[in-house]
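K.L.:
So here's data11.cif (mmCIF, C-alpha atoms and all ligand atoms).
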```
data_model
loop_
_atom_site.label_atom_id
_atom_site.label_comp_id
_atom_site.auth_asym_id
_atom_site.auth_seq_id
_atom_site.Cartn_x
_atom_site.Cartn_y
_atom_site.Cartn_z
CA MET A 1 6.12 -21.95 0.68
CA LEU A 2 2.72 -20.71 1.71
CA LYS A 3 0.24 -23.44 1.09
CA ASN A 4 -2.79 -21.55 -0.05
CA CYS A 5 -2.01 -18.24 -1.62
CA PHE A 6 1.49 -17.61 -2.88
CA GLU A 7 3.57 -19.59 -5.32
CA VAL A 8 6.60 -19.06 -7.48
CA VAL A 9 5.09 -18.92 -10.93
CA THR A 10 6.24 -15.96 -12.92
CA LEU A 11 9.04 -13.72 -14.05
CA ASN A 12 12.27 -13.78 -12.05
CA ASN A 13 11.02 -16.50 -9.70
CA LEU A 14 8.89 -14.00 -7.80
CA LEU A 15 5.83 -14.97 -5.88
CA THR A 16 2.30 -14.08 -6.93
CA MET A 17 -0.95 -14.51 -5.04
CA LYS A 18 -3.34 -17.26 -5.99
CA VAL A 19 -6.90 -16.02 -6.36
CA GLY A 20 -9.26 -18.88 -7.08
CA ASP A 21 -7.16 -21.10 -9.33
CA LYS A 22 -5.11 -18.35 -10.97
CA TYR A 23 -2.03 -16.37 -9.96
CA TYR A 24 -2.08 -12.62 -9.95
CA ARG A 25 -0.10 -9.56 -9.13
CA THR A 26 -2.08 -6.45 -8.28
CA ILE A 27 -1.07 -4.81 -11.58
CA TRP A 28 0.23 -6.20 -14.88
CA LEU A 29 0.79 -5.16 -18.47
CA THR A 30 -1.43 -6.56 -21.19
CA GLU A 31 0.33 -8.81 -23.71
CA ASP A 32 0.40 -6.15 -26.44
CA GLU A 33 1.93 -3.71 -23.90
CA LYS A 34 -0.65 -1.07 -24.86
CA ALA A 35 -2.64 -1.16 -21.61
CA VAL A 36 -2.39 -2.21 -17.98
CA ASN A 37 -4.68 -4.46 -15.96
CA ILE A 38 -5.53 -3.81 -12.34
CA ILE A 39 -7.74 -5.47 -9.76
CA ASP A 40 -10.55 -2.97 -9.13
CA GLN A 41 -10.44 -2.96 -5.32
CA ARG A 42 -13.78 -1.17 -4.95
CA PHE A 43 -15.53 -4.48 -5.47
CA LEU A 44 -13.56 -6.62 -3.01
CA PRO A 45 -14.23 -8.78 -1.08
CA HIS A 46 -17.47 -9.50 -2.92
CA LYS A 47 -16.33 -9.50 -6.53
CA PHE A 48 -12.97 -9.99 -8.19
CA VAL A 49 -13.06 -7.45 -11.01
CA ILE A 50 -10.19 -6.78 -13.43
CA GLU A 51 -10.10 -3.38 -15.09
CA LYS A 52 -8.08 -2.45 -18.17
CA LEU A 53 -6.48 1.01 -18.06
CA ARG A 54 -5.86 2.28 -21.61
CA THR A 55 -5.41 6.05 -21.33
CA THR A 56 -3.76 8.51 -18.99
CA GLU A 57 -7.23 9.61 -17.97
CA ASP A 58 -8.08 6.00 -16.99
CA PHE A 59 -5.06 6.00 -14.66
CA ILE A 60 -6.03 9.33 -13.12
CA VAL A 61 -9.55 8.08 -12.37
CA ALA A 62 -8.26 4.72 -11.07
CA ILE A 63 -5.93 6.36 -8.54
CA ARG A 64 -8.23 9.25 -7.57
CA ASP A 65 -11.34 7.09 -7.13
CA MET A 66 -9.40 4.30 -5.44
CA HIS A 67 -9.83 1.45 -7.91
CA VAL A 68 -6.22 0.99 -6.84
CA ARG A 69 -4.96 2.28 -3.51
CA GLY A 70 -2.18 1.78 -1.01
CA ALA A 71 1.10 3.69 -1.16
CA GLY A 72 3.20 1.22 -3.16
CA LEU A 73 0.54 0.28 -5.67
CA ILE A 74 -0.34 3.92 -6.26
CA GLY A 75 3.32 4.54 -7.11
CA VAL A 76 3.56 1.60 -9.50
CA THR A 77 0.24 2.55 -11.13
CA ALA A 78 1.49 6.11 -11.58
CA ALA A 79 4.66 4.75 -13.22
CA TYR A 80 2.65 2.69 -15.73
CA GLY A 81 0.35 5.70 -16.22
CA MET A 82 3.41 7.67 -17.32
CA TYR A 83 4.34 4.87 -19.72
CA ILE A 84 0.84 5.00 -21.27
CA ALA A 85 1.16 8.81 -21.41
CA SER A 86 4.41 8.32 -23.34
CA LEU A 87 2.56 6.20 -25.93
CA GLU A 88 -0.01 8.99 -26.23
CA GLY A 89 2.82 11.53 -26.39
CA MET A 90 3.94 10.04 -29.72
CA GLN A 91 0.77 11.50 -31.31
CA MET A 92 1.18 14.94 -29.73
CA LYS A 93 2.91 18.05 -31.06
CA ASP A 94 5.32 18.24 -28.17
CA PHE A 95 6.13 14.92 -26.50
CA ASN A 96 7.96 16.41 -23.51
CA ASP A 97 5.26 19.00 -22.73
CA TYR A 98 2.60 16.33 -22.91
CA LEU A 99 4.51 14.08 -20.51
CA THR A 100 5.20 16.91 -18.07
CA GLU A 101 1.49 17.82 -18.03
CA ALA A 102 0.47 14.16 -17.60
CA GLY A 103 2.89 13.91 -14.66
CA LYS A 104 1.31 16.93 -12.98
CA LYS A 105 -2.20 15.54 -13.40
CA ILE A 106 -1.24 12.11 -12.06
CA LYS A 107 0.54 13.65 -9.08
CA ALA A 108 -2.53 15.72 -8.22
CA THR A 109 -4.78 12.68 -7.77
CA ARG A 110 -3.87 11.92 -4.15
CA PRO A 111 -1.57 14.01 -1.97
CA THR A 112 -0.48 11.87 0.99
CA ALA A 113 1.42 8.88 -0.37
CA VAL A 114 4.90 10.01 -1.33
CA ASN A 115 5.41 7.04 -3.66
CA LEU A 116 3.10 8.70 -6.17
CA SER A 117 5.19 11.81 -6.76
CA TRP A 118 8.40 9.80 -6.30
CA ALA A 119 7.38 7.43 -9.13
CA VAL A 120 6.26 10.22 -11.48
CA ASP A 121 9.49 12.19 -10.91
CA LYS A 122 11.63 9.10 -11.44
CA MET A 123 9.77 8.29 -14.67
CA LEU A 124 10.23 11.84 -16.02
CA GLU A 125 13.89 11.90 -15.06
CA GLU A 126 14.59 8.61 -16.86
CA ILE A 127 12.42 9.37 -19.89
CA PHE A 128 14.00 12.77 -20.47
CA LYS A 129 17.47 11.24 -20.50
CA GLU A 130 16.63 9.95 -24.00
CA LYS A 131 16.66 12.22 -27.06
CA ILE A 132 14.49 10.29 -29.54
CA ASN A 133 10.78 9.81 -28.77
CA GLU A 134 10.77 6.07 -29.60
CA ASN A 135 13.58 5.59 -27.10
CA LYS A 136 11.70 7.64 -24.52
CA VAL A 137 8.77 5.23 -24.79
CA LYS A 138 11.10 2.23 -24.38
CA LYS A 139 12.72 3.89 -21.39
CA ALA A 140 9.29 4.59 -19.89
CA LEU A 141 8.31 0.93 -20.14
CA ASN A 142 11.60 -0.34 -18.73
CA THR A 143 11.52 2.12 -15.84
CA ALA A 144 7.91 1.29 -14.93
CA ASN A 145 8.80 -2.43 -14.98
CA GLU A 146 11.81 -1.75 -12.77
CA ILE A 147 9.72 0.24 -10.28
CA MET A 148 7.22 -2.63 -10.17
CA LEU A 149 9.90 -5.30 -9.62
CA GLU A 150 11.62 -3.15 -7.01
CA ASP A 151 8.33 -2.81 -5.10
CA ILE A 152 8.04 -6.61 -4.96
CA GLU A 153 11.61 -7.14 -3.82
CA ILE A 154 11.36 -4.44 -1.16
CA SER A 155 8.17 -5.93 0.24
CA ARG A 156 9.77 -9.39 0.34
CA LYS A 157 12.74 -8.05 2.29
CA ILE A 158 10.46 -6.24 4.74
CA GLY A 159 8.97 -9.66 5.48
CA GLU A 160 12.42 -11.18 5.97
CA HIS A 161 13.38 -8.54 8.54
CA GLY A 162 9.99 -8.20 10.22
CA VAL A 163 9.44 -11.89 10.75
CA LYS A 164 12.28 -11.92 13.28
CA LEU A 165 10.18 -9.75 15.58
CA ILE A 166 7.30 -12.19 15.40
CA GLU A 167 9.63 -15.16 15.88
CA GLU A 168 11.03 -13.56 19.01
CA ILE A 169 7.56 -13.07 20.49
CA SER A 170 6.63 -16.63 19.57
CA ARG A 171 9.74 -17.89 21.39
CA LYS A 172 8.90 -15.85 24.47
CA LYS A 173 5.37 -17.23 24.41
CA SER A 174 6.74 -20.79 24.05
CA GLY A 175 5.09 -21.24 20.69
CA GLU A 176 1.68 -19.92 21.72
CA VAL A 177 -0.28 -17.94 19.14
CA VAL A 178 1.20 -14.51 18.37
CA ASN A 179 -1.53 -11.87 18.08
CA VAL A 180 -0.75 -9.10 15.60
CA LEU A 181 -2.99 -6.06 15.22
CA THR A 182 -3.02 -4.16 11.93
CA HIS A 183 -4.88 -1.14 10.64
CA CYS A 184 -6.13 -0.49 7.11
CA ASN A 185 -4.57 -2.53 4.31
CA ALA A 186 -0.83 -2.34 3.94
CA GLY A 187 -1.00 -5.73 2.29
CA TRP A 188 -0.59 -7.49 -1.02
CA LEU A 189 -3.34 -5.30 -2.42
CA ALA A 190 -1.61 -2.09 -1.38
CA PHE A 191 1.61 -3.06 -3.18
CA VAL A 192 2.39 -5.44 -6.02
CA ASP A 193 3.10 -8.52 -3.91
CA TYR A 194 3.40 -9.44 -0.17
CA GLY A 195 2.61 -5.91 1.11
CA THR A 196 4.53 -4.21 3.90
CA ALA A 197 2.68 -4.69 7.20
CA THR A 198 1.46 -8.08 6.00
CA SER A 199 4.81 -9.26 4.68
CA PRO A 200 6.17 -10.33 8.12
CA ILE A 201 2.79 -11.96 8.79
CA TYR A 202 2.98 -14.00 5.57
CA ALA A 203 6.60 -14.89 6.35
CA ALA A 204 5.68 -16.01 9.88
CA PHE A 205 2.81 -18.14 8.62
CA GLU A 206 5.11 -19.69 6.05
CA LYS A 207 7.56 -20.62 8.83
CA GLY A 208 4.82 -22.37 10.71
CA ILE A 209 4.65 -19.82 13.53
CA LYS A 210 1.22 -19.80 15.12
CA ILE A 211 -0.24 -16.42 14.30
CA HIS A 212 -3.57 -14.61 14.50
CA VAL A 213 -4.34 -11.15 13.14
CA TRP A 214 -6.70 -8.56 14.63
CA VAL A 215 -7.94 -6.62 11.62
CA ASP A 216 -9.24 -3.08 12.26
CA GLU A 217 -12.24 -2.51 10.01
CA THR A 218 -10.83 0.94 9.07
CA ARG A 219 -13.73 3.27 8.51
CA PRO A 220 -14.72 5.01 6.35
CA ARG A 221 -13.72 2.81 3.40
CA ASN A 222 -13.20 -0.33 5.43
CA GLN A 223 -9.91 -1.39 3.83
CA GLY A 224 -9.28 -3.67 6.81
CA ALA A 225 -12.66 -5.39 6.84
CA SER A 226 -12.85 -5.79 3.10
CA LEU A 227 -9.27 -5.97 1.81
CA THR A 228 -6.94 -7.19 4.59
CA ALA A 229 -9.56 -9.74 5.64
CA TRP A 230 -9.93 -10.92 2.03
CA GLU A 231 -6.16 -11.37 1.69
CA LEU A 232 -5.75 -13.28 4.94
CA GLU A 233 -8.78 -15.42 4.20
CA ASN A 234 -7.33 -16.20 0.79
CA CYS A 235 -4.12 -17.38 2.43
CA GLY A 236 -5.72 -19.33 5.25
CA ILE A 237 -4.25 -17.10 7.97
CA PRO A 238 -6.44 -16.88 11.10
CA TYR A 239 -7.84 -13.37 11.60
CA THR A 240 -10.63 -11.55 13.42
CA ILE A 241 -12.16 -8.28 12.27
CA ILE A 242 -12.71 -5.72 15.02
CA VAL A 243 -14.36 -2.32 14.94
CA ASP A 244 -11.82 0.47 14.90
CA ASN A 245 -12.31 1.46 18.51
CA ALA A 246 -11.81 -2.02 19.99
CA GLY A 247 -8.00 -2.08 19.78
CA GLY A 248 -7.49 -0.23 23.06
CA HIS A 249 -9.58 -2.74 24.96
CA LEU A 250 -7.69 -5.66 23.42
CA MET A 251 -4.35 -4.12 24.33
CA GLN A 252 -5.43 -3.47 27.93
CA ASN A 253 -6.29 -7.14 28.23
CA GLY A 254 -3.06 -8.57 26.86
CA MET A 255 -4.68 -9.72 23.65
CA VAL A 256 -2.25 -7.96 21.30
CA ASP A 257 1.45 -8.93 21.19
CA ILE A 258 2.54 -6.53 18.47
CA VAL A 259 1.01 -3.85 16.25
CA ILE A 260 2.29 -3.63 12.66
CA VAL A 261 0.93 -0.96 10.34
CA GLY A 262 2.01 0.58 7.02
CA THR A 263 2.69 4.18 6.11
CA ASP A 264 2.02 6.49 3.20
CA ARG A 265 4.70 9.03 4.05
CA THR A 266 7.43 9.00 6.69
CA THR A 267 9.45 12.07 7.60
CA SER A 268 13.25 12.16 7.86
CA THR A 269 12.76 12.09 11.64
CA GLY A 270 10.44 9.08 11.74
CA ASP A 271 6.97 10.63 12.02
CA VAL A 272 4.49 8.53 10.09
CA ALA A 273 1.38 9.43 8.07
CA ASN A 274 -0.91 6.44 7.82
CA LYS A 275 -4.63 5.75 7.48
CA THR A 276 -6.70 7.76 9.91
CA GLY A 277 -6.94 6.04 13.30
CA THR A 278 -3.35 4.82 13.33
CA TYR A 279 -2.32 7.49 15.84
CA LEU A 280 -4.94 6.33 18.36
CA LYS A 281 -3.64 2.75 18.07
CA ALA A 282 -0.12 3.99 18.73
CA LEU A 283 -1.30 5.86 21.85
CA ALA A 284 -3.06 2.78 23.16
CA ALA A 285 -0.01 0.64 22.39
CA LYS A 286 2.29 3.03 24.27
CA ASP A 287 -0.02 3.06 27.28
CA ASN A 288 -0.05 -0.73 27.39
CA ASN A 289 3.60 -1.45 26.49
CA VAL A 290 2.62 -3.17 23.28
CA PRO A 291 5.38 -2.85 20.62
CA PHE A 292 4.20 -0.65 17.77
CA TYR A 293 6.03 -1.14 14.44
CA VAL A 294 5.61 0.57 11.10
CA ALA A 295 6.59 -1.36 7.96
CA LEU A 296 7.77 0.73 5.06
CA PRO A 297 9.71 0.81 1.85
CA THR A 298 12.39 3.51 2.08
CA THR A 299 10.81 4.94 -1.09
CA SER A 300 8.01 6.23 1.15
CA ILE A 301 10.38 8.37 3.21
CA ASP A 302 10.09 12.06 2.44
CA TRP A 303 13.64 13.22 3.16
CA ASN A 304 12.65 16.86 2.69
CA ILE A 305 10.46 17.12 5.76
CA SER A 306 11.06 16.62 9.45
CA ASP A 307 7.79 17.52 11.16
CA GLY A 308 4.92 15.24 10.19
CA ILE A 309 2.18 17.21 11.91
CA ARG A 310 3.09 20.54 10.33
CA GLU A 311 4.44 19.45 6.97
CA ILE A 312 2.40 16.51 5.70
CA ILE A 313 -0.69 17.47 3.73
CA ILE A 314 -3.50 15.23 4.89
CA GLU A 315 -5.91 14.22 2.16
CA GLN A 316 -9.51 15.21 2.82
CA ARG A 317 -12.01 13.12 0.95
CA GLY A 318 -15.68 13.46 0.01
CA ASP A 319 -18.53 13.23 2.52
CA GLU A 320 -20.18 10.24 0.84
CA GLU A 321 -17.48 7.97 2.33
CA VAL A 322 -18.65 8.98 5.82
CA LYS A 323 -22.38 9.14 5.14
CA TYR A 324 -22.76 5.94 3.17
CA ILE A 325 -21.59 2.41 3.64
CA SER A 326 -21.56 -0.20 0.91
CA GLY A 327 -21.89 -3.95 1.08
CA LEU A 328 -23.39 -7.05 -0.42
CA ALA A 329 -27.18 -6.97 -0.37
CA GLU A 330 -29.30 -10.09 -0.04
CA ASP A 331 -30.08 -9.99 -3.76
CA GLY A 332 -26.35 -10.47 -4.49
CA THR A 333 -25.72 -6.91 -5.67
CA ILE A 334 -23.35 -4.42 -4.06
CA LYS A 335 -25.39 -1.58 -2.58
CA LYS A 336 -24.65 1.72 -0.90
CA VAL A 337 -26.81 2.77 2.03
CA LEU A 338 -27.06 6.06 3.89
CA ILE A 339 -26.17 5.75 7.60
CA THR A 340 -26.41 9.39 8.74
CA PRO A 341 -29.05 12.11 8.60
CA ALA A 342 -29.07 13.08 4.92
CA ASN A 343 -27.97 16.66 5.54
CA SER A 344 -25.24 16.05 8.12
CA ASN A 345 -21.99 17.89 7.85
CA THR A 346 -18.99 15.58 7.71
CA ALA A 347 -15.23 15.80 7.92
CA ASN A 348 -13.20 13.12 6.23
CA TYR A 349 -9.48 13.27 7.01
CA GLY A 350 -8.00 10.25 5.28
CA PHE A 351 -4.78 10.00 7.28
CA ASP A 352 -3.26 11.01 10.60
CA ILE A 353 0.24 11.47 11.94
CA THR A 354 1.85 9.15 14.45
CA PRO A 355 4.81 10.94 16.02
CA ALA A 356 8.11 9.03 16.05
CA ARG A 357 8.15 8.93 19.87
CA LEU A 358 5.21 6.47 19.82
CA ILE A 359 6.88 4.10 17.37
CA THR A 360 8.96 1.17 18.63
CA GLY A 361 10.67 0.63 15.30
CA LEU A 362 10.52 0.91 11.53
CA ILE A 363 10.65 -2.31 9.51
CA THR A 364 12.34 -1.39 6.23
CA GLU A 365 13.81 -3.43 3.39
CA LYS A 366 17.21 -2.50 4.83
CA GLY A 367 16.48 -3.77 8.31
CA VAL A 368 14.58 -2.84 11.46
CA ILE A 369 15.62 0.56 12.76
CA GLN A 370 14.59 3.10 15.36
CA ALA A 371 12.21 5.87 14.32
CA ASN A 372 14.62 8.76 14.60
CA LYS A 373 16.73 11.02 12.41
CA GLU A 374 20.06 9.32 13.15
CA SER A 375 18.86 5.80 12.33
CA LEU A 376 17.06 6.95 9.19
CA GLU A 377 20.07 8.92 8.01
CA LYS A 378 22.24 5.83 8.48
CA ILE A 379 20.15 3.69 6.15
CA ARG A 380 19.62 6.47 3.63
CA ASN A 381 22.64 5.60 1.52
CA GLN A 382 22.90 1.96 2.51
CA THR A 383 22.50 -0.15 -0.63
CA ASN A 384 20.57 -3.03 0.90
O1 LIG B 1 -6.37 5.46 1.24
P1 LIG B 1 -5.58 4.23 0.95
O2 LIG B 1 -6.34 2.97 1.03
O3 LIG B 1 -4.73 4.36 -0.28
O4 LIG B 1 -4.65 4.26 2.20
C1 LIG B 1 -3.39 3.88 2.16
C2 LIG B 1 -3.25 2.70 2.95
O5 LIG B 1 -3.51 1.64 2.45
C3 LIG B 1 -2.84 2.78 4.32
O6 LIG B 1 -2.69 4.00 4.87
C4 LIG B 1 -1.76 1.80 4.57
O7 LIG B 1 -1.78 1.46 5.88
C5 LIG B 1 -0.39 2.29 4.17
S1 LIG B 1 -0.13 2.24 2.48
C6 LIG B 1 0.41 0.71 2.19
#
```
Could you show the structure in this file as structure tokens?
Ligand code: MRU
P.N.:
Amino acid sequence: MLKNCFEVVTLNNLLTMKVGDKYYRTIWLTEDEKAVNIIDQRFLPHKFVIEKLRTTEDFIVAIRDMHVRGAGLIGVTAAYGMYIASLEGMQMKDFNDYLTEAGKKIKATRPTAVNLSWAVDKMLEEIFKEKINENKVKKALNTANEIMLEDIEISRKIGEHGVKLIEEISRKKSGEVVNVLTHCNAGWLAFVDYGTATSPIYAAFEKGIKIHVWVDETRPRNQGASLTAWELENCGIPYTIIVDNAGGHLMQNGMVDIVIVGTDRTTSTGDVANKTGTYLKALAAKDNNVPFYVALPTTSIDWNISDGIREIIIEQRGDEEVKYISGLAEDGTIKKVLITPANSNTANYGFDITPARLITGLITEKGVIQANKESLEKIRNQTN
């Protein structure tokens, strides 16, 4: 058991992260089951803010404006958003039309992570199996809960499989510190528990393997510097934040043993869309023979596409993320400051594509596999 951050405390003996003296998941239903609480990630690492989402519109804003983010958590939030939409649907003239419209709006919030549309489609499919509206609402709640529990279990299994890679490196290094580099936040905060890229890290730490994490700051929103660092700090795992462009230098100097990142969408051939900058890390890893792994739930595989560069729509976000940076000011308030000439043009591509040929392996809940069509096809219908 991890000493500082995770403990078995809730439903189904699952782990939750300890923040301060309380245990949390990244998303949970309120007691009356009429709303959903989330951790508003815009304020981390400086403030731990809980936000209550009561309406479909609240969910749309929370996903679009990144109060919640990360592929898995976006999917689970979308699922609960559909449940809340079903409660609203009871007051509408046509329940099914209202739900279908809500689904479209939720799906339109962010294009890259496949879990979002996967979760909305699954919710609609299950809800529409029922004939009576009251039953549709019950089905919506049960399905959202199932999606949430599945996300936790998948992340846990990714840790189980991925930790073997870290163990192997530790053995080869005769127990010396294993240096893992990660980009963005594919952690506890990006899912419901454990995370994907962080899950093998948490599992390794739990086993007593000496580990240290290089955390890419991940401009423009700094998910690495603010979120991954916060998680690791909270768990007592040694880490060092680096600027995004430092990874190549570290790899050239033997300071990285393994790269593990997450993904928002993976093609049926193993190309990966992940936070912008991932591709450059994969290139540097290839050039320096550093193993480059991508951790993913199979729910983030888009089986309909085979060419990541041509077929994945890359989200482009607003220019304020590039022009401004926010942080804790000396007066204790969170402030945004302009870091560019005020009238600069900007381009803000949120993700990039890492081609399968640069990826050493995919760490899934079904095992570690090669990033290619054959290996992916093999696990497609495997039950665990
Ligand atoms: O834009 P975000 O923060 O939602 O980006 C998604 C991510 O967190 C990353 O791309 C991550 O590495 C994969 S999703 C768990």
K.L.:
Taking only C-alpha atoms and all ligand atoms into account, report as a PDB file with C-alpha atoms, keeping the file's coordinate frame which residues have an atom no farther than 8 Å from an atom of ligand LIG 1 (chain B).
P.N.:
```
ATOM      1  CA  MET A  66      -9.400   4.300  -5.440  1.00  0.00           C
ATOM      2  CA  VAL A  68      -6.220   0.990  -6.840  1.00  0.00           C
ATOM      3  CA  ARG A  69      -4.960   2.280  -3.510  1.00  0.00           C
ATOM      4  CA  GLY A  70      -2.180   1.780  -1.010  1.00  0.00           C
ATOM      5  CA  ALA A  71       1.100   3.690  -1.160  1.00  0.00           C
ATOM      6  CA  GLY A  72       3.200   1.220  -3.160  1.00  0.00           C
ATOM      7  CA  LEU A  73       0.540   0.280  -5.670  1.00  0.00           C
ATOM      8  CA  ILE A  74      -0.340   3.920  -6.260  1.00  0.00           C
ATOM      9  CA  ALA A 113       1.420   8.880  -0.370  1.00  0.00           C
ATOM     10  CA  HIS A 183      -4.880  -1.140  10.640  1.00  0.00           C
ATOM     11  CA  CYS A 184      -6.130  -0.490   7.110  1.00  0.00           C
ATOM     12  CA  ASN A 185      -4.570  -2.530   4.310  1.00  0.00           C
ATOM     13  CA  ALA A 186      -0.830  -2.340   3.940  1.00  0.00           C
ATOM     14  CA  GLY A 187      -1.000  -5.730   2.290  1.00  0.00           C
ATOM     15  CA  ALA A 190      -1.610  -2.090  -1.380  1.00  0.00           C
ATOM     16  CA  PHE A 191       1.610  -3.060  -3.180  1.00  0.00           C
ATOM     17  CA  GLY A 195       2.610  -5.910   1.110  1.00  0.00           C
ATOM     18  CA  THR A 196       4.530  -4.210   3.900  1.00  0.00           C
ATOM     19  CA  ALA A 197       2.680  -4.690   7.200  1.00  0.00           C
ATOM     20  CA  ARG A 221     -13.720   2.810   3.400  1.00  0.00           C
ATOM     21  CA  GLN A 223      -9.910  -1.390   3.830  1.00  0.00           C
ATOM     22  CA  VAL A 261       0.930  -0.960  10.340  1.00  0.00           C
ATOM     23  CA  GLY A 262       2.010   0.580   7.020  1.00  0.00           C
ATOM     24  CA  THR A 263       2.690   4.180   6.110  1.00  0.00           C
ATOM     25  CA  ASP A 264       2.020   6.490   3.200  1.00  0.00           C
ATOM     26  CA  ALA A 273       1.380   9.430   8.070  1.00  0.00           C
ATOM     27  CA  ASN A 274      -0.910   6.440   7.820  1.00  0.00           C
ATOM     28  CA  LYS A 275      -4.630   5.750   7.480  1.00  0.00           C
ATOM     29  CA  THR A 276      -6.700   7.760   9.910  1.00  0.00           C
ATOM     30  CA  LEU A 296       7.770   0.730   5.060  1.00  0.00           C
ATOM     31  CA  GLY A 350      -8.000  10.250   5.280  1.00  0.00           C
ATOM     32  CA  PHE A 351      -4.780  10.000   7.280  1.00  0.00           C
TER      33      PHE A 351
END
```
K.L.:
List the neighbours of Val256 (chain A) out to 8 Å using only C-alpha atoms; skip same-chain residues closer than 4 positions along the sequence, and give me the result as an mmCIF file with C-alpha atoms, keeping the file's coordinate frame.
P.N.:
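Dumped everything to part-v6.cif:
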```
data_model
loop_
_atom_site.group_PDB
_atom_site.id
_atom_site.type_symbol
_atom_site.label_atom_id
_atom_site.label_comp_id
_atom_site.auth_asym_id
_atom_site.auth_seq_id
_atom_site.Cartn_x
_atom_site.Cartn_y
_atom_site.Cartn_z
ATOM 1 C CA VAL A 178 1.200 -14.510 18.370
ATOM 2 C CA ASN A 179 -1.530 -11.870 18.080
ATOM 3 C CA VAL A 180 -0.750 -9.100 15.600
ATOM 4 C CA LEU A 181 -2.990 -6.060 15.220
ATOM 5 C CA LEU A 250 -7.690 -5.660 23.420
ATOM 6 C CA MET A 251 -4.350 -4.120 24.330
ATOM 7 C CA VAL A 290 2.620 -3.170 23.280
#
```
K.L.:
List the spatial neighbours of Glu321 (chain A) as JSON, numbers by chain - criterion: any atom at most 10 Å away, only C-alpha atoms, same-chain residues fewer than 4 positions off excluded.
P.N.:
{"A": [219, 220, 221, 222, 317, 325, 326, 338, 346, 347, 348]}
K.L.:
Just to confirm, what's the straight-line distance from CA of Lys107 (chain A) to CA of Glu146 (chain A) in Å (one decimal)?
P.N.:
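A separation of 19.4 Å between them.
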K.L.:
Neighbouring residues of region 75-92 of chain A were defined as those with any atom within 6 Å, considering all atoms listed in the file; residues of the same chain fewer than 2 positions away were excluded. Please report them as a PDB file with C-alpha atoms, keeping the file's coordinate frame.
P.N.:
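Ended up saving to selection_25.pdb:
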```
ATOM      1  CA  THR A  56      -3.760   8.510 -18.990  1.00  0.00           C
ATOM      2  CA  PHE A  59      -5.060   6.000 -14.660  1.00  0.00           C
ATOM      3  CA  GLY A  72       3.200   1.220  -3.160  1.00  0.00           C
ATOM      4  CA  LEU A  73       0.540   0.280  -5.670  1.00  0.00           C
ATOM      5  CA  ASP A  94       5.320  18.240 -28.170  1.00  0.00           C
ATOM      6  CA  PHE A  95       6.130  14.920 -26.500  1.00  0.00           C
ATOM      7  CA  TYR A  98       2.600  16.330 -22.910  1.00  0.00           C
ATOM      8  CA  ASN A 115       5.410   7.040  -3.660  1.00  0.00           C
ATOM      9  CA  LEU A 116       3.100   8.700  -6.170  1.00  0.00           C
ATOM     10  CA  ALA A 119       7.380   7.430  -9.130  1.00  0.00           C
ATOM     11  CA  VAL A 120       6.260  10.220 -11.480  1.00  0.00           C
ATOM     12  CA  VAL A 137       8.770   5.230 -24.790  1.00  0.00           C
ATOM     13  CA  ALA A 140       9.290   4.590 -19.890  1.00  0.00           C
ATOM     14  CA  LEU A 141       8.310   0.930 -20.140  1.00  0.00           C
ATOM     15  CA  ALA A 144       7.910   1.290 -14.930  1.00  0.00           C
ATOM     16  CA  MET A 148       7.220  -2.630 -10.170  1.00  0.00           C
TER      17      MET A 148
END
```
K.L.:
Rank A:Ile39, A:Val243, A:Val192, A:Ile301 by their smallest atom-to-atom distance to Glu150 (chain A), using all atoms listed in the file, and report the top residue only.
P.N.:
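Smallest separation from Glu150 (chain A) among the options: A:Val192.
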K.L.:
Provide the CA of Lys172 (chain A) to CA of Asp257 (chain A) distance in Å, to one decimal place.
P.N.:
10.7 Å
